Amino acid sequence: MIDQAKDKLPGLALAAVCAALAYAISLAVPLLSAMLIAIFIGIFIRNIGWIPQVAEPGMAVAGKTVLRAGVVLLGLRLSIPQVLELGWGVVAVITLTVAGTYVASLALGRLMRLPHAVTVLTATGTAICGAAAVAAMSAVVKGDDNESVEEAAATAIASVTLFGTIGLIVVPWLGQAIGLEPNQIGVWIGAAVHEVGQVVAGAGIAQNAQPDSQVGAMLVDTALVTKLGRVVLLAPLVAIIGAIEASRHLHRTHPDGSKTPVVPYFVLGFLAMVIVRSVTNLPESVTDGVNTIATILFTMAMVAMGSGVRLKKLASTGGRALLMGGITGIVSALISLVGLYVLV
């Protein structure tokens with residue numbers, strides 16, 4: 001047991017160092033997600049041969065166990081009562097946007113003949129919460145024959161990061177241009193922009209355009225809670241797709257005879273953390289600390305995910321996958337905007 005743990009230390013240390021570098025770069029350039037940077041660092045060190053054989057076991061742990069621990073901690077961000085305070089109209093917009101975007105993305109991926117994992121992961125990242133959602137879904141999705149889930153995840157994360165960044169600039173401006181109320185702009189940003197960090201940035205842009213500081217602050221809060229409402233739906237989506245994937249590939253039984261649960265254990269852990277946050281009044285210092293730890297774990301996992309990417313193979317589907325991400329980003333914005341007019 002101790003020897004097995006020692007075998008994993010070099011890879012975990014390498015992933016941690018690369019994650020720290022990615023985090024430092026993201027602090028210097030806030031529009032660049034630490035997770036996206038970590039993916040690129042992982043791709044770089046893999047394709048120039050900087051990952052020694054001794055680091056491979058630890059990299060595998062970072063890409064699975066560390067990733068799932070991050071997903072569990074992500075649940076502590078979410079308070080269901082806080083989401084419900086937005087009103088049932090906004091909850092309906094959130095649900096409609098997630099479901100409509102996900103289904104439309106799957107249909108578009110099949111129409112474009114994209115590989116299965118690329119389609120599912122891009123759909124998840126666009127519908128839910130960008131890179132973190134891609135990371136969570138990558139733990140249960142199965143690729144087509146000869147399709148690497150790591151490469152699919154890298155493509156999906158690049159797509160949702162790119163178009164989420166475009167969205168955080170366009171959605172606040174367009175909301176103002178078409179005459180939406182500040183509260184509506186907040187809901188639209190939270191429902192249409194991909195990453196949590198991108199939502200905060202987009203809401204900040206919209207806040208600066210408001211003459212009343214209190215109204216601007218309320219807009220930011222509305223955008224963030226709306227976004228977290230989308231994140232709540234990550235667990236049921238991963239559970240449903242995980243069950244479908246297990247059935248589709250008949251991988252319920254492992255070579256050691258163990259069974260894969262219908263609902264992955266890390267999803268149950270995520271839900272448990274949501275419940276804890278929803279029924280307790282945790283200090284902000286605790287939730288901020290846990291959020292930082294989750295971000296670090298996700299960033300380490302992204303290094304490992306990037307290290308599974310072979311650039312020559314990625315080039316064959318990357319362009320079409322980015323096109324799909326752009327179209328589905330527009331679909332997400334349109335569905336949420338129509339929902340705003342009809343339901344809020």
# chains A, B, ... in the order shown; residues from 1 in each chain; ligands from 1
>>> select_by_dssp(residues="segment 175-331 of chain A", states="alpha helix (DSSP H)", output="PyMOL selection string")
chain A and resi 175-177+182-192+196-208+213-232+234-249+265-279+284-306+311-331
>>> residues_around(residues="Gly289 of chain A", least_positions_apart="6", cutoff="12 Å", atoms="only C-alpha atoms", output="ChimeraX atom specification")
/A:73-74,76-77,282-283,295-296
>>> closest_atom_pairs(of="segment 150-245 of chain A", to="segment 121-139 of chain A", cutoff="12 Å", atoms="only C-alpha atoms", output="CSV")
residue,atom,partner,partner_atom,distance
A:Glu150,CA,A:Ser138,CA,7.8
A:Glu151,CA,A:Ser138,CA,10.4
A:Ala152,CA,A:Leu121,CA,7.2
A:Ala153,CA,A:Leu121,CA,6.4
A:Ala154,CA,A:Val134,CA,9.0
A:Thr155,CA,A:Thr122,CA,8.0
A:Ala156,CA,A:Thr122,CA,4.6
A:Ile157,CA,A:Ala131,CA,5.2
A:Ala158,CA,A:Ala131,CA,8.5
A:Ser159,CA,A:Thr122,CA,7.3
A:Val160,CA,A:Gly130,CA,5.6
A:Thr161,CA,A:Gly130,CA,6.8
A:Leu162,CA,A:Gly130,CA,10.1
A:Phe163,CA,A:Thr126,CA,9.0
A:Gly164,CA,A:Gly130,CA,7.8
A:Thr165,CA,A:Gly130,CA,10.7
A:Gly167,CA,A:Thr126,CA,11.2
A:Gly190,CA,A:Cys129,CA,9.9
A:Ala191,CA,A:Ala127,CA,8.8
A:Ala192,CA,A:Ala127,CA,8.4
A:Val193,CA,A:Thr126,CA,8.3
A:His194,CA,A:Gly130,CA,4.9
A:Glu195,CA,A:Gly130,CA,4.8
A:Val196,CA,A:Cys129,CA,6.5
A:Gly197,CA,A:Cys129,CA,9.6
A:Gln198,CA,A:Gly130,CA,9.4
A:Val199,CA,A:Cys129,CA,9.7
A:Leu224,CA,A:Cys129,CA,11.6
A:Thr226,CA,A:Ile128,CA,11.1
A:Lys227,CA,A:Cys129,CA,7.7
A:Leu228,CA,A:Cys129,CA,8.5
A:Gly229,CA,A:Ile128,CA,9.1
A:Arg230,CA,A:Ile128,CA,5.4
A:Val231,CA,A:Ile128,CA,5.7
A:Val232,CA,A:Ile128,CA,8.7
A:Leu233,CA,A:Ile128,CA,7.2
A:Leu234,CA,A:Ile128,CA,6.4
A:Ala235,CA,A:Ala136,CA,8.9
A:Pro236,CA,A:Met137,CA,11.0
A:Leu237,CA,A:Thr124,CA,8.4
A:Val238,CA,A:Met137,CA,5.8
A:Ala239,CA,A:Met137,CA,9.1
A:Ile240,CA,A:Met137,CA,10.5
A:Ile241,CA,A:Met137,CA,8.1
A:Gly242,CA,A:Met137,CA,8.0
A:Ala243,CA,A:Met137,CA,11.8
A:Glu245,CA,A:Met137,CA,10.8
>>> closest_residue(among="A:Gly325, A:Val91, A:Val342, A:Ile335", to="Leu114 of chain A", atoms="only C-alpha atoms")
A:Gly325
>>> closest_residue(among="A:Ile45, A:Leu106, A:Val66, A:Leu78", to="Leu271 of chain A", atoms="only C-alpha atoms")
A:Leu78
>>> residues_around(residues="segment 60-65 of chain A", least_positions_apart="6", cutoff="6 Å", atoms="only C-alpha atoms", output="PDB file with C-alpha atoms, in the first residue's frame")
ATOM      1  CA  ALA A 301      -6.802  17.241 -13.082  1.00  0.00           C
ATOM      2  CA  ALA A 304      -3.414  15.252 -16.369  1.00  0.00           C
ATOM      3  CA  MET A 305      -6.184  15.507 -18.933  1.00  0.00           C
TER       4      MET A 305
END
>>> residues_around(residues="segment 201-207 of chain A", least_positions_apart="5", cutoff="12 Å", atoms="only C-alpha atoms", output="compact mmCIF listing (two decimals) with N, CA and C atoms, in the first residue's frame")
# COMPACT_ATOMS: atom_id res chain seq x y z
N PRO A 30 -6.61 37.55 -16.05
CA PRO A 30 -7.85 37.00 -15.48
C PRO A 30 -8.82 36.39 -16.50
N LEU A 31 -8.81 36.86 -17.75
CA LEU A 31 -9.73 36.31 -18.74
C LEU A 31 -9.35 34.89 -19.15
N LEU A 32 -8.13 34.45 -18.83
CA LEU A 32 -7.69 33.10 -19.14
C LEU A 32 -7.96 32.19 -17.95
N SER A 33 -8.79 31.17 -18.16
CA SER A 33 -9.10 30.22 -17.10
C SER A 33 -7.87 29.40 -16.72
N GLY A 164 -17.37 31.06 -24.24
CA GLY A 164 -17.82 31.68 -23.00
C GLY A 164 -17.20 33.06 -22.82
N THR A 165 -15.94 33.20 -23.24
CA THR A 165 -15.27 34.50 -23.17
C THR A 165 -15.93 35.50 -24.12
N ILE A 166 -16.25 35.03 -25.32
CA ILE A 166 -16.98 35.91 -26.26
C ILE A 166 -18.34 36.29 -25.66
N GLY A 167 -19.02 35.32 -25.05
CA GLY A 167 -20.34 35.56 -24.47
C GLY A 167 -20.32 36.57 -23.34
N LEU A 168 -19.28 36.55 -22.51
CA LEU A 168 -19.24 37.47 -21.36
C LEU A 168 -19.11 38.92 -21.82
N ILE A 169 -18.64 39.12 -23.05
CA ILE A 169 -18.56 40.48 -23.60
C ILE A 169 -19.84 40.84 -24.35
N VAL A 170 -20.35 39.90 -25.14
CA VAL A 170 -21.49 40.19 -26.03
C VAL A 170 -22.81 40.25 -25.27
N VAL A 171 -23.06 39.31 -24.35
CA VAL A 171 -24.37 39.22 -23.69
C VAL A 171 -24.68 40.49 -22.87
N PRO A 172 -23.78 41.00 -22.02
CA PRO A 172 -24.11 42.24 -21.30
C PRO A 172 -24.40 43.41 -22.24
N TRP A 173 -23.60 43.56 -23.29
CA TRP A 173 -23.82 44.65 -24.25
C TRP A 173 -25.15 44.50 -24.97
N LEU A 174 -25.44 43.27 -25.41
CA LEU A 174 -26.68 43.03 -26.15
C LEU A 174 -27.90 43.20 -25.24
N GLY A 175 -27.77 42.78 -23.98
CA GLY A 175 -28.86 42.96 -23.02
C GLY A 175 -29.23 44.42 -22.85
N GLN A 176 -28.22 45.27 -22.77
CA GLN A 176 -28.46 46.71 -22.70
C GLN A 176 -29.09 47.22 -23.99
N ALA A 177 -28.56 46.74 -25.13
CA ALA A 177 -29.00 47.25 -26.44
C ALA A 177 -30.46 46.94 -26.72
N LEU A 180 -33.29 45.21 -21.95
CA LEU A 180 -33.64 44.36 -20.81
C LEU A 180 -33.45 45.12 -19.50
N GLU A 181 -34.30 44.79 -18.52
CA GLU A 181 -34.14 45.35 -17.17
C GLU A 181 -32.87 44.76 -16.54
N PRO A 182 -32.26 45.46 -15.56
CA PRO A 182 -31.04 44.95 -14.93
C PRO A 182 -31.18 43.52 -14.40
N ASN A 183 -32.32 43.22 -13.75
CA ASN A 183 -32.52 41.87 -13.24
C ASN A 183 -32.54 40.85 -14.38
N GLN A 184 -33.16 41.20 -15.49
CA GLN A 184 -33.20 40.31 -16.65
C GLN A 184 -31.82 40.10 -17.25
N ILE A 185 -31.03 41.17 -17.29
CA ILE A 185 -29.67 41.04 -17.80
C ILE A 185 -28.87 40.06 -16.93
N GLY A 186 -29.05 40.18 -15.60
CA GLY A 186 -28.37 39.27 -14.69
C GLY A 186 -28.75 37.81 -14.93
N VAL A 187 -30.04 37.58 -15.10
CA VAL A 187 -30.51 36.21 -15.37
C VAL A 187 -29.95 35.72 -16.69
N TRP A 188 -29.97 36.58 -17.72
CA TRP A 188 -29.49 36.15 -19.03
C TRP A 188 -28.00 35.82 -19.01
N ILE A 189 -27.22 36.64 -18.33
CA ILE A 189 -25.78 36.34 -18.21
C ILE A 189 -25.58 35.01 -17.50
N GLY A 190 -26.28 34.80 -16.40
CA GLY A 190 -26.13 33.56 -15.65
C GLY A 190 -26.59 32.33 -16.41
N ALA A 191 -27.57 32.51 -17.30
CA ALA A 191 -28.12 31.38 -18.04
C ALA A 191 -27.38 31.09 -19.34
N ALA A 192 -26.70 32.11 -19.90
CA ALA A 192 -26.13 31.95 -21.24
C ALA A 192 -24.61 31.86 -21.29
N VAL A 193 -23.92 32.40 -20.28
CA VAL A 193 -22.45 32.39 -20.29
C VAL A 193 -21.97 31.12 -19.59
N HIS A 194 -20.86 30.54 -20.07
CA HIS A 194 -20.51 29.17 -19.69
C HIS A 194 -19.89 29.03 -18.30
N GLU A 195 -18.73 29.62 -18.07
CA GLU A 195 -17.99 29.41 -16.82
C GLU A 195 -18.51 30.32 -15.70
N VAL A 196 -18.38 29.85 -14.46
CA VAL A 196 -18.75 30.68 -13.31
C VAL A 196 -17.92 31.96 -13.30
N ASP A 212 -27.11 53.14 -10.91
CA ASP A 212 -27.39 52.91 -9.48
C ASP A 212 -26.51 51.75 -9.00
N SER A 213 -25.65 52.00 -8.01
CA SER A 213 -24.71 50.97 -7.54
C SER A 213 -25.43 49.79 -6.90
N GLN A 214 -26.56 50.05 -6.20
CA GLN A 214 -27.30 48.96 -5.57
C GLN A 214 -27.92 48.05 -6.62
N VAL A 215 -28.46 48.65 -7.67
CA VAL A 215 -29.03 47.87 -8.77
C VAL A 215 -27.93 47.04 -9.44
N GLY A 216 -26.77 47.64 -9.61
CA GLY A 216 -25.65 46.93 -10.22
C GLY A 216 -25.21 45.75 -9.38
N ALA A 217 -25.14 45.94 -8.05
CA ALA A 217 -24.75 44.84 -7.16
C ALA A 217 -25.78 43.71 -7.20
N MET A 218 -27.07 44.07 -7.27
CA MET A 218 -28.13 43.06 -7.35
C MET A 218 -28.03 42.28 -8.67
N LEU A 219 -27.67 42.97 -9.74
CA LEU A 219 -27.49 42.30 -11.04
C LEU A 219 -26.40 41.22 -10.94
N VAL A 220 -25.29 41.55 -10.29
CA VAL A 220 -24.19 40.58 -10.14
C VAL A 220 -24.65 39.38 -9.33
N ASP A 221 -25.36 39.62 -8.22
CA ASP A 221 -25.85 38.52 -7.38
C ASP A 221 -26.81 37.63 -8.17
N THR A 222 -27.71 38.26 -8.94
CA THR A 222 -28.69 37.50 -9.72
C THR A 222 -27.99 36.63 -10.75
N ALA A 223 -26.99 37.19 -11.43
CA ALA A 223 -26.25 36.43 -12.45
C ALA A 223 -25.56 35.22 -11.83
N LEU A 224 -24.92 35.42 -10.69
CA LEU A 224 -24.16 34.34 -10.06
C LEU A 224 -25.09 33.24 -9.56
N VAL A 225 -26.18 33.60 -8.90
CA VAL A 225 -27.10 32.58 -8.39
C VAL A 225 -27.77 31.84 -9.53
N THR A 226 -28.12 32.55 -10.61
CA THR A 226 -28.67 31.88 -11.80
C THR A 226 -27.68 30.86 -12.34
N LYS A 227 -26.43 31.26 -12.41
CA LYS A 227 -25.39 30.35 -12.89
C LYS A 227 -25.28 29.12 -12.00
>>> atom_distance(atom1="atom CA of Ala34 of chain A", atom2="atom CA of Thr299 of chain A")
6.5 Å
>>> atom_distance(atom1="atom CA of Ser336 of chain A", atom2="atom CA of Val93 of chain A")
6.1 Å
>>> closest_residue(among="A:Gly87, A:Gly326, A:Gly42, A:Pro10", to="Val309 of chain A", atoms="only C-alpha atoms")
A:Gly42
>>> closest_residue(among="A:Asp144, A:Glu56, A:Glu284, A:Asp7", to="Arg113 of chain A", atoms="only C-alpha atoms")
A:Asp144
>>> residues_around(residues="Met324 of chain A", least_positions_apart="4", cutoff="9 Å", atoms="only C-alpha atoms", output="NGL selection string")
:A and (105 or 108-109 or 112 or 114 or 119 or 122 or 159 or 319-320 or 328-329)
>>> write_last_selection(atoms="C-alpha atoms", output="compact mmCIF listing (two decimals), in the first residue's frame")
# COMPACT_ATOMS: atom_id res chain seq x y z
CA SER A 105 -25.97 20.10 -28.89
CA LEU A 108 -25.87 19.06 -33.82
CA GLY A 109 -22.89 16.86 -32.95
CA MET A 112 -21.85 17.11 -37.96
CA LEU A 114 -18.47 14.43 -34.52
CA THR A 119 -20.26 15.75 -28.67
CA THR A 122 -19.11 19.96 -25.52
CA SER A 159 -14.46 25.40 -27.09
CA GLY A 319 -12.06 22.56 -36.06
CA ARG A 320 -15.49 20.99 -36.40
CA THR A 328 -24.42 25.72 -29.38
CA GLY A 329 -23.32 28.86 -27.51
>>> residues_around(residues="Met302 of chain A", least_positions_apart="6", cutoff="7 Å", atoms="only C-alpha atoms", output="mmCIF file with all heavy atoms, in the first residue's frame")
data_model
loop_
_atom_site.group_PDB
_atom_site.id
_atom_site.type_symbol
_atom_site.label_atom_id
_atom_site.label_comp_id
_atom_site.auth_asym_id
_atom_site.auth_seq_id
_atom_site.Cartn_x
_atom_site.Cartn_y
_atom_site.Cartn_z
ATOM 1 N N MET A 35 -7.902 26.488 -15.610
ATOM 2 C CA MET A 35 -8.096 25.125 -16.106
ATOM 3 C C MET A 35 -7.722 25.001 -17.579
ATOM 4 O O MET A 35 -7.139 24.009 -18.003
ATOM 5 C CB MET A 35 -9.537 24.673 -15.850
ATOM 6 C CG MET A 35 -9.797 24.339 -14.397
ATOM 7 S SD MET A 35 -11.439 23.671 -14.097
ATOM 8 C CE MET A 35 -12.347 25.158 -13.753
ATOM 9 N N ALA A 38 -3.998 25.041 -17.756
ATOM 10 C CA ALA A 38 -3.474 23.752 -17.297
ATOM 11 C C ALA A 38 -3.577 22.686 -18.385
ATOM 12 O O ALA A 38 -2.667 21.859 -18.553
ATOM 13 C CB ALA A 38 -4.227 23.300 -16.045
ATOM 14 N N ILE A 39 -4.691 22.698 -19.132
ATOM 15 C CA ILE A 39 -4.845 21.771 -20.258
ATOM 16 C C ILE A 39 -3.702 21.956 -21.252
ATOM 17 O O ILE A 39 -3.062 20.995 -21.696
ATOM 18 C CB ILE A 39 -6.196 22.005 -20.972
ATOM 19 C CG1 ILE A 39 -7.326 21.321 -20.205
ATOM 20 C CG2 ILE A 39 -6.161 21.506 -22.398
ATOM 21 C CD1 ILE A 39 -7.562 19.883 -20.561
#
